[in-house]
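K.L.:
Sharing entry11.txt below, compact mmCIF, C-alpha atoms:
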```
# COMPACT_ATOMS: atom_id res chain seq x y z
CA MET A 213 -17.09 1.70 39.66
CA VAL A 214 -17.13 -2.04 40.10
CA SER A 215 -14.60 -4.69 39.22
CA ASP A 216 -14.83 -7.97 37.39
CA ALA A 217 -12.14 -10.29 36.15
CA HIS A 218 -10.91 -11.52 32.79
CA THR A 219 -7.97 -13.43 31.52
CA ASN A 220 -5.34 -12.13 29.16
CA GLY A 221 -3.94 -13.97 26.16
CA ASN A 222 -1.80 -16.15 28.47
CA GLY A 223 -4.78 -17.26 30.53
CA GLU A 224 -3.65 -15.23 33.53
CA PRO A 225 -6.30 -13.36 35.53
CA LYS A 226 -6.23 -9.61 35.25
CA PRO A 227 -8.67 -7.12 36.79
CA VAL A 228 -10.77 -4.91 34.54
CA ARG A 229 -12.64 -1.96 35.89
CA VAL A 230 -16.13 -1.21 34.64
CA SER A 231 -17.70 2.24 34.75
CA THR A 232 -21.21 3.54 34.15
CA HIS A 233 -20.06 7.15 34.56
CA LEU A 234 -21.77 9.53 32.13
CA LEU A 235 -19.08 11.49 30.33
CA THR A 236 -19.74 15.22 30.15
CA HIS A 237 -18.93 17.37 27.14
CA GLY A 238 -15.18 17.93 26.89
CA GLU A 239 -14.33 15.25 29.47
CA ASP A 240 -11.68 12.76 28.45
CA PRO A 241 -12.69 9.12 29.02
CA PRO A 242 -10.74 7.08 31.56
CA VAL A 243 -7.94 4.82 30.30
CA GLY A 244 -8.02 1.05 30.82
CA VAL A 245 -11.62 1.12 32.03
CA ARG A 246 -14.61 -0.43 30.28
CA VAL A 247 -17.14 2.39 30.08
CA TYR A 248 -20.79 1.88 29.17
CA ALA A 249 -22.03 4.57 26.79
CA ASP A 250 -24.44 7.24 28.03
CA GLY A 251 -24.15 6.08 31.62
CA ILE A 252 -26.23 2.91 31.10
CA LYS A 253 -25.71 0.00 33.46
CA PRO A 254 -24.49 -3.38 32.16
CA ASP A 255 -27.78 -5.05 33.12
CA GLN A 256 -30.07 -2.08 32.44
CA LYS A 257 -33.04 -3.06 30.27
CA GLN A 258 -34.25 -0.76 27.55
CA ASN A 259 -37.87 0.36 27.48
CA PRO A 260 -39.71 -2.00 25.05
CA PHE A 261 -41.12 0.91 23.08
CA VAL A 262 -37.66 2.48 22.76
CA THR A 263 -36.21 -0.90 21.75
CA LEU A 264 -38.83 -1.17 19.01
CA LEU A 265 -38.04 2.37 17.86
CA ALA A 266 -34.29 1.64 17.81
CA ALA A 267 -34.79 -1.64 15.93
CA THR A 268 -37.11 -0.01 13.38
CA THR A 269 -34.85 2.96 12.66
CA MET A 270 -31.76 0.76 12.42
CA SER A 271 -33.62 -1.56 10.07
CA ILE A 272 -34.48 1.40 7.84
CA TYR A 273 -30.80 2.33 7.74
CA VAL A 274 -29.28 -1.14 7.51
CA GLY A 275 -31.91 -2.55 5.16
CA PHE A 276 -32.42 0.60 3.12
CA MET A 277 -31.48 -1.04 -0.19
CA ASN A 278 -34.05 -3.81 0.41
CA TYR A 279 -36.79 -1.29 1.08
CA PHE A 280 -35.71 0.98 -1.77
CA LEU A 281 -35.79 -1.86 -4.31
CA LEU A 282 -39.23 -2.83 -3.01
CA LEU A 283 -40.40 0.76 -3.56
CA VAL A 284 -38.98 0.70 -7.11
CA ILE A 285 -40.96 -2.45 -7.87
CA LEU A 286 -44.14 -1.01 -6.31
CA SER A 287 -43.71 2.22 -8.28
CA PHE A 288 -44.83 0.39 -11.44
CA TRP A 289 -48.30 0.09 -9.89
CA SER A 290 -48.40 2.76 -7.17
CA ARG A 291 -48.11 6.46 -7.85
CA ALA A 292 -47.34 7.10 -4.17
CA ALA A 293 -44.40 4.69 -4.31
CA LEU A 294 -43.21 6.38 -7.51
CA TYR A 295 -43.23 9.79 -5.83
CA VAL A 296 -41.23 8.46 -2.88
CA VAL A 297 -38.65 6.91 -5.23
CA LEU A 298 -38.33 10.17 -7.16
CA VAL A 299 -37.88 12.19 -3.97
CA LEU A 300 -35.19 9.80 -2.73
CA LEU A 301 -33.36 9.91 -6.05
CA GLY A 302 -33.66 13.69 -6.01
CA THR A 303 -31.60 13.83 -2.82
CA LEU A 304 -28.60 12.65 -4.86
CA LEU A 305 -28.53 16.15 -6.36
CA LEU A 306 -28.08 17.73 -2.94
CA PRO A 307 -24.51 18.44 -1.81
CA CYS A 308 -23.00 16.09 0.76
CA LYS A 309 -22.36 18.68 3.45
CA PRO A 310 -21.36 19.15 6.15
CA VAL A 311 -18.76 16.43 6.56
CA LEU A 312 -19.01 15.61 10.28
CA TRP A 313 -22.08 17.39 11.62
CA PRO A 314 -21.93 17.50 15.46
CA ALA A 315 -25.64 18.22 15.93
CA PHE A 316 -26.56 15.16 13.85
CA ASN A 317 -24.28 12.91 15.91
CA ARG A 318 -25.89 14.11 19.13
CA LEU A 319 -29.41 13.10 18.07
CA TRP A 320 -31.34 11.18 20.74
CA ILE A 321 -32.10 8.34 18.33
CA PHE A 322 -28.42 7.33 18.31
CA LYS A 323 -28.54 7.05 22.09
CA THR A 324 -31.32 4.48 21.66
CA TRP A 325 -29.08 2.57 19.22
CA ARG A 326 -26.23 2.52 21.74
CA HIS A 327 -28.52 1.31 24.52
CA TYR A 328 -29.94 -1.34 22.16
CA PHE A 329 -26.41 -2.82 21.91
CA HIS A 330 -25.41 -2.04 25.52
CA TYR A 331 -22.55 -0.24 23.82
CA SER A 332 -19.33 -0.09 25.83
CA PHE A 333 -15.78 0.95 25.08
CA LEU A 334 -12.27 0.74 26.49
CA ILE A 335 -9.30 2.94 25.57
CA GLU A 336 -5.94 1.29 26.24
CA GLU A 337 -3.89 4.45 25.82
CA PRO A 338 -4.95 8.10 25.44
CA LEU A 339 -4.50 9.73 22.05
CA ASP A 340 -2.62 13.01 21.80
CA PRO A 341 -4.98 15.64 20.29
CA LYS A 342 -1.96 17.37 18.73
CA LYS A 343 -1.08 14.25 16.75
CA ARG A 344 -2.62 12.58 13.69
CA TYR A 345 -3.60 8.93 13.61
CA ILE A 346 -5.00 6.41 11.17
CA ILE A 347 -7.59 4.34 13.00
CA VAL A 348 -8.12 0.88 11.51
CA GLU A 349 -11.41 -0.76 12.54
CA PHE A 350 -12.38 -4.44 12.63
CA PRO A 351 -14.44 -6.33 11.79
CA HIS A 352 -16.53 -4.95 8.94
CA GLY A 353 -18.93 -7.83 9.38
CA ALA A 354 -22.07 -8.25 7.32
CA PHE A 355 -22.77 -4.54 7.77
CA PRO A 356 -20.54 -2.08 9.69
CA ILE A 357 -23.19 -1.01 12.19
CA ALA A 358 -20.74 -0.96 15.14
CA PRO A 359 -18.33 1.47 13.40
CA VAL A 360 -21.32 3.61 12.39
CA VAL A 361 -22.54 3.80 15.99
CA ALA A 362 -18.97 4.51 17.08
CA GLY A 363 -18.95 7.42 14.65
CA THR A 364 -21.72 9.07 16.68
CA LEU A 365 -19.51 8.73 19.79
CA MET A 366 -16.19 10.03 18.49
CA GLN A 367 -16.73 13.61 19.65
CA THR A 368 -17.55 12.27 23.12
CA LEU A 369 -14.61 9.87 23.33
CA PHE A 370 -12.08 12.26 21.83
CA PRO A 371 -13.52 15.74 22.46
CA HIS A 372 -10.32 17.56 21.53
CA MET A 373 -9.76 15.78 18.21
CA MET A 374 -11.25 15.84 14.73
CA ILE A 375 -11.76 12.26 13.57
CA TYR A 376 -13.07 11.63 10.06
CA SER A 377 -13.51 8.41 8.11
CA VAL A 378 -13.50 7.00 4.61
CA ALA A 379 -16.13 4.63 3.22
CA ALA A 380 -16.71 2.66 0.01
CA SER A 381 -17.27 5.09 -2.86
CA VAL A 382 -20.35 3.21 -4.09
CA VAL A 383 -22.22 4.19 -0.91
CA PHE A 384 -22.16 7.83 -2.00
CA TYR A 385 -24.33 6.98 -5.00
CA ILE A 386 -27.12 5.63 -2.78
CA PRO A 387 -29.79 8.03 -1.51
CA PHE A 388 -30.15 8.39 2.27
CA TRP A 389 -26.91 6.51 2.96
CA ARG A 390 -25.00 9.20 1.06
CA HIS A 391 -25.93 11.99 3.45
CA PHE A 392 -26.07 9.86 6.59
CA ILE A 393 -22.46 8.74 6.46
CA THR A 394 -21.29 12.19 5.35
CA TRP A 395 -22.84 13.72 8.45
CA ILE A 396 -21.01 11.25 10.71
CA GLY A 397 -17.75 12.27 9.05
CA SER A 398 -17.20 10.01 6.01
CA VAL A 399 -16.04 10.74 2.47
CA PRO A 400 -15.40 8.35 -0.46
CA ALA A 401 -12.40 6.08 0.15
CA THR A 402 -9.88 7.37 -2.36
CA SER A 403 -6.20 7.99 -1.70
CA GLN A 404 -6.68 11.69 -2.44
CA ASN A 405 -9.55 12.03 0.04
CA PHE A 406 -7.67 10.04 2.67
CA LYS A 407 -4.67 12.37 2.47
CA ARG A 408 -6.85 15.48 2.37
CA LEU A 409 -8.61 14.48 5.60
CA LEU A 410 -5.28 13.74 7.29
CA LYS A 411 -4.40 17.41 6.83
CA LYS A 412 -7.41 18.22 9.05
CA GLY A 413 -7.07 15.52 11.69
CA SER A 414 -7.20 11.75 12.14
CA VAL A 415 -8.95 9.28 9.82
CA ALA A 416 -10.72 5.98 10.51
CA VAL A 417 -11.12 3.19 7.96
CA VAL A 418 -12.83 -0.21 8.11
CA VAL A 419 -10.10 -2.18 6.36
CA GLY A 420 -11.86 -5.50 5.68
CA GLY A 421 -14.54 -4.06 3.41
CA ILE A 422 -16.68 -6.22 1.15
CA ALA A 423 -14.48 -9.31 1.59
CA GLU A 424 -15.38 -9.52 5.29
CA MET A 425 -19.11 -9.42 4.62
CA TYR A 426 -18.92 -13.06 3.53
CA MET A 427 -16.46 -14.25 6.20
CA GLY A 428 -18.83 -14.94 9.08
CA HIS A 429 -18.04 -18.08 11.10
CA PRO A 430 -19.90 -19.71 14.00
CA HIS A 431 -16.82 -20.56 16.08
CA ARG A 432 -14.15 -17.95 15.35
CA GLU A 433 -13.65 -14.36 14.28
CA ARG A 434 -12.35 -13.91 10.73
CA ILE A 435 -10.97 -10.65 9.39
CA LYS A 436 -9.17 -9.58 6.23
CA LEU A 437 -5.94 -7.69 6.86
CA LYS A 438 -3.00 -9.53 5.27
CA GLY A 439 -2.05 -7.82 2.02
CA ARG A 440 -4.10 -4.70 2.82
CA ARG A 441 -1.15 -2.31 2.46
CA GLY A 442 -3.03 0.83 1.43
CA PHE A 443 -3.51 2.42 4.84
CA ALA A 444 0.07 1.56 5.90
CA LYS A 445 1.45 3.15 2.75
CA ILE A 446 -0.55 6.33 3.31
CA ALA A 447 0.56 6.41 6.96
CA LEU A 448 4.20 6.45 5.83
CA GLU A 449 3.65 8.88 2.95
CA GLU A 450 1.80 11.37 5.16
CA GLN A 451 4.07 10.74 8.17
CA VAL A 452 1.22 10.33 10.61
CA ASP A 453 2.09 9.81 14.25
CA GLY A 454 0.55 6.39 14.74
CA ILE A 455 -1.89 3.68 13.68
CA VAL A 456 -4.57 2.66 16.17
CA CYS A 457 -6.30 -0.73 15.93
CA VAL A 458 -9.94 -0.89 17.03
CA TYR A 459 -11.92 -4.09 17.54
CA TYR A 460 -15.69 -4.32 17.96
CA PHE A 461 -16.49 -7.44 19.94
CA GLY A 462 -19.98 -8.67 18.99
CA GLN A 463 -20.11 -6.86 15.64
CA SER A 464 -19.77 -10.11 13.68
CA GLN A 465 -22.82 -11.62 15.37
CA VAL A 466 -25.51 -8.94 15.03
CA LEU A 467 -26.07 -9.50 11.29
CA SER A 468 -25.30 -12.13 8.65
CA PHE A 469 -24.82 -11.72 4.90
CA GLY A 470 -24.82 -14.14 2.02
CA PRO A 471 -24.79 -16.32 0.07
CA ALA A 472 -21.01 -16.76 0.29
CA TRP A 473 -20.65 -17.84 -3.35
CA LEU A 474 -21.30 -14.22 -4.40
CA ALA A 475 -18.13 -13.00 -2.65
CA GLY A 476 -15.90 -13.23 -5.71
CA VAL A 477 -18.11 -11.28 -8.09
CA SER A 478 -18.83 -8.71 -5.38
CA ARG A 479 -15.13 -7.99 -4.87
CA ARG A 480 -14.54 -7.72 -8.62
CA LEU A 481 -17.42 -5.26 -9.09
CA ARG A 482 -16.67 -3.43 -5.81
CA THR A 483 -20.23 -3.75 -4.58
CA SER A 484 -21.97 -6.36 -2.42
CA PHE A 485 -24.57 -8.79 -3.72
CA GLY A 486 -26.67 -10.79 -1.31
CA TYR A 487 -29.05 -10.22 1.56
CA LEU A 488 -28.80 -9.25 5.22
CA THR A 489 -30.40 -11.24 7.98
CA GLY A 490 -30.56 -10.55 11.68
CA TRP A 491 -33.31 -10.77 14.28
CA MET A 492 -35.92 -13.34 13.13
CA GLY A 493 -34.32 -13.45 9.68
CA LEU A 494 -35.12 -9.76 9.05
CA PRO A 495 -32.65 -6.95 8.21
CA VAL A 496 -32.77 -5.94 11.88
CA PRO A 497 -29.58 -6.18 13.98
CA LYS A 498 -29.77 -8.63 16.86
CA PRO A 499 -29.77 -6.84 20.26
CA LEU A 500 -26.39 -8.20 21.35
CA PRO A 501 -23.76 -6.29 23.37
CA ILE A 502 -21.05 -4.51 21.40
CA TYR A 503 -17.73 -3.78 23.08
CA MET A 504 -15.31 -1.41 21.33
CA VAL A 505 -11.62 -1.59 22.29
CA ASN A 506 -9.19 1.11 21.13
CA GLY A 507 -5.66 -0.25 21.16
CA ARG A 508 -2.30 1.35 21.75
CA PRO A 509 -0.95 3.55 18.92
CA ILE A 510 1.61 1.84 16.71
CA PRO A 511 4.45 4.29 15.94
CA VAL A 512 4.95 5.13 12.27
CA PRO A 513 8.62 5.53 11.26
CA LYS A 514 9.67 8.67 9.40
CA ILE A 515 11.04 7.59 6.06
CA PRO A 516 11.10 9.54 2.78
CA ARG A 517 8.93 8.29 -0.08
CA ASP A 518 11.93 7.93 -2.39
CA SER A 519 13.84 5.74 0.07
CA PRO A 520 14.80 2.34 -1.41
CA ASP A 521 13.47 0.77 1.81
CA PHE A 522 10.05 2.42 1.57
CA ASP A 523 8.14 -0.67 0.37
CA LYS A 524 9.84 -2.83 2.99
CA GLU A 525 8.76 -0.34 5.66
CA VAL A 526 5.17 -0.56 4.41
CA ASP A 527 5.29 -4.34 4.89
CA ARG A 528 6.90 -4.00 8.33
CA LEU A 529 4.23 -1.54 9.43
CA LEU A 530 1.45 -3.81 8.18
CA ASP A 531 3.03 -6.75 10.02
CA ALA A 532 3.17 -4.64 13.20
CA CYS A 533 -0.55 -3.90 12.85
CA ILE A 534 -1.35 -7.59 12.36
CA LYS A 535 0.68 -8.49 15.45
CA GLU A 536 -0.82 -5.76 17.65
CA LEU A 537 -4.39 -6.48 16.56
CA GLY A 538 -4.03 -10.17 17.38
CA GLU A 539 -2.50 -9.42 20.78
CA MET A 540 -5.12 -6.77 21.57
CA TYR A 541 -7.90 -9.20 20.71
CA ASP A 542 -6.42 -11.79 23.06
CA ARG A 543 -6.04 -9.21 25.83
CA HIS A 544 -9.74 -8.43 25.83
CA ARG A 545 -11.74 -11.31 24.39
CA ALA A 546 -12.41 -12.88 27.80
CA GLU A 547 -14.02 -9.61 28.96
CA TYR A 548 -16.66 -10.18 26.31
CA GLY A 549 -17.04 -13.86 27.14
CA TRP A 550 -15.12 -15.04 24.10
CA SER A 551 -12.26 -16.93 25.79
CA ASN A 552 -12.87 -19.85 23.41
CA ARG A 553 -13.43 -17.78 20.26
CA PRO A 554 -10.08 -17.22 18.49
CA LEU A 555 -9.30 -14.57 15.91
CA SER A 556 -8.19 -15.61 12.41
CA ILE A 557 -6.38 -12.86 10.48
CA GLU A 558 -6.39 -13.67 6.78
```
Would it be possible to restate this file's structure as structure tokens?
P.N.:
Amino acid sequence: MVSDAHTNGNGEPKPVRVSTHLLTHGEDPPVGVRVYADGIKPDQKQNPFVTLLAATTMSIYVGFMNYFLLLVILSFWSRAALYVVLVLLGTLLLPCKPVLWPAFNRLWIFKTWRHYFHYSFLIEEPLDPKKRYIIVEFPHGAFPIAPVVAGTLMQTLFPHMMIYSVAASVVFYIPFWRHFITWIGSVPATSQNFKRLLKKGSVAVVVGGIAEMYMGHPHRERIKLKGRRGFAKIALEEQVDGIVCVYYFGQSQVLSFGPAWLAGVSRRLRTSFGYLTGWMGLPVPKPLPIYMVNGRPIPVPKIPRDSPDFDKEVDRLLDACIKELGEMYDRHRAEYGWSNRPLSIE
């Protein structure tokens, strides 16, 4: 291990340990240490061929709708394109199983994605495998590629826990995406599904959703959390043990989405309209470092659903999440080189 320095939210220096240790199966990650995924070194360069492979496969995933619409257009003139479209649409008839497929998450290609981003993570406090948590992830960004990559790491970071996730329901009507996110542990984001998964383990959710896709800013981080009471309400109803805030430093910079004037209609129709741009203006994520920080669990009070104070407790819990997320961001932003990039919680 080596040491570097950062400053906390008060500008005071504080040491941060960095590790390139390769976690073995079943090994709990160290606490309070920035660990680089798969044992890569902070300055380790990726093989150019592997970088190209990672960029191409991520582009297929991230930009799938672009490529699919292009195939649909070509299908009017090309029989080959028509056959491909029909095969892709045919996959919608296949069941979305299994939810959380370990063998899929261990595929080598995801290791290339993590190296592409020099993916690193820090866990502020260990999670108790006997407890249930709701994990709230930020930011969504133009496309939630950092949470997706994190999904392939969950069984490594928390080997003794089952961690699922919920995603926008519209995604499950799109071929390829439908099965991909199911295999990393996602189901449609309904209250019923959320509660059903909590009976099996912990559940992650990217709270900002479509609204955050249009909130990119050159000089500050912007996330949508105020007024997002749904996860806090479910936490109280299901009496989970805690809420864990997760922030992906760098996620907001790898892709852009717009134009911003489509944000309103997109929220009303619950689907995003616009186009993704990344490396050289293409739907390819920029090869920038991504640093995932898992915060300290926020205790969830035990209060019956029929209590007259229930709604007030929902608001208090949401406020506690807003406060902890802001403080956690300030504790770690200097480690990523973002001392002068504030977080705006809207």
K.L.:
If you count all atoms listed in the file, which residues fall within 7 Å of range 325-342 of chain A, apart from same-chain ones fewer than 4 positions away, as a short mmCIF file (atom, residue, chain, number, x, y, z; two decimals) with C-alpha atoms, in the frame of the given file?
P.N.:
```
data_model
loop_
_atom_site.label_atom_id
_atom_site.label_comp_id
_atom_site.auth_asym_id
_atom_site.auth_seq_id
_atom_site.Cartn_x
_atom_site.Cartn_y
_atom_site.Cartn_z
CA VAL A 243 -7.94 4.82 30.30
CA GLY A 244 -8.02 1.05 30.82
CA VAL A 245 -11.62 1.12 32.03
CA ARG A 246 -14.61 -0.43 30.28
CA VAL A 247 -17.14 2.39 30.08
CA TYR A 248 -20.79 1.88 29.17
CA ALA A 249 -22.03 4.57 26.79
CA PRO A 254 -24.49 -3.38 32.16
CA GLN A 258 -34.25 -0.76 27.55
CA THR A 263 -36.21 -0.90 21.75
CA ALA A 266 -34.29 1.64 17.81
CA ILE A 321 -32.10 8.34 18.33
CA VAL A 361 -22.54 3.80 15.99
CA HIS A 372 -10.32 17.56 21.53
CA MET A 373 -9.76 15.78 18.21
CA PRO A 499 -29.77 -6.84 20.26
CA LEU A 500 -26.39 -8.20 21.35
CA PRO A 501 -23.76 -6.29 23.37
CA ILE A 502 -21.05 -4.51 21.40
CA TYR A 503 -17.73 -3.78 23.08
CA MET A 504 -15.31 -1.41 21.33
CA VAL A 505 -11.62 -1.59 22.29
CA ASN A 506 -9.19 1.11 21.13
CA GLY A 507 -5.66 -0.25 21.16
CA ARG A 508 -2.30 1.35 21.75
#
```
K.L.:
Show me as a PyMOL selection string the residues that reach within 8 Å of (-27.9, -9.8, 7.0), counting only C-alpha atoms and using the file's own coordinates.
P.N.:
chain A and resi 354-355+467-470+487-490+493-496
K.L.:
Go through A:Lys411, A:Arg553, A:Arg344, A:Lys498 one by one, measure the shortest atom-to-atom distance of each to Leu264 in chain A using all atoms listed in the file, and give the residue with the smallest value.
P.N.:
A:Lys498
K.L.:
May I ask for the distance between CA of Met492 in chain A and CA of Val418 in chain A, given in Å to one decimal place?
P.N.:
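Atom-to-atom, CA of Met492 in chain A and CA of Val418 in chain A are spaced 27.0 Å apart.
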K.L.:
Select, from A:Val262, A:Ile435, A:Val452, A:Leu312, the residue with the minimum atom-to-atom distance to Leu365 in chain A, counting only C-alpha atoms.
P.N.:
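Among the listed residues, the smallest separation from Leu365 in chain A belongs to A:Leu312.
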K.L.:
Skipping near chain neighbours, those fewer than 4 positions away, what residues fall within 10 Å of Val456 in chain A using all atoms listed in the file, listed as a PyMOL selection string?
P.N.:
chain A and resi 337+339+345-349+416+506-511+533+536-537
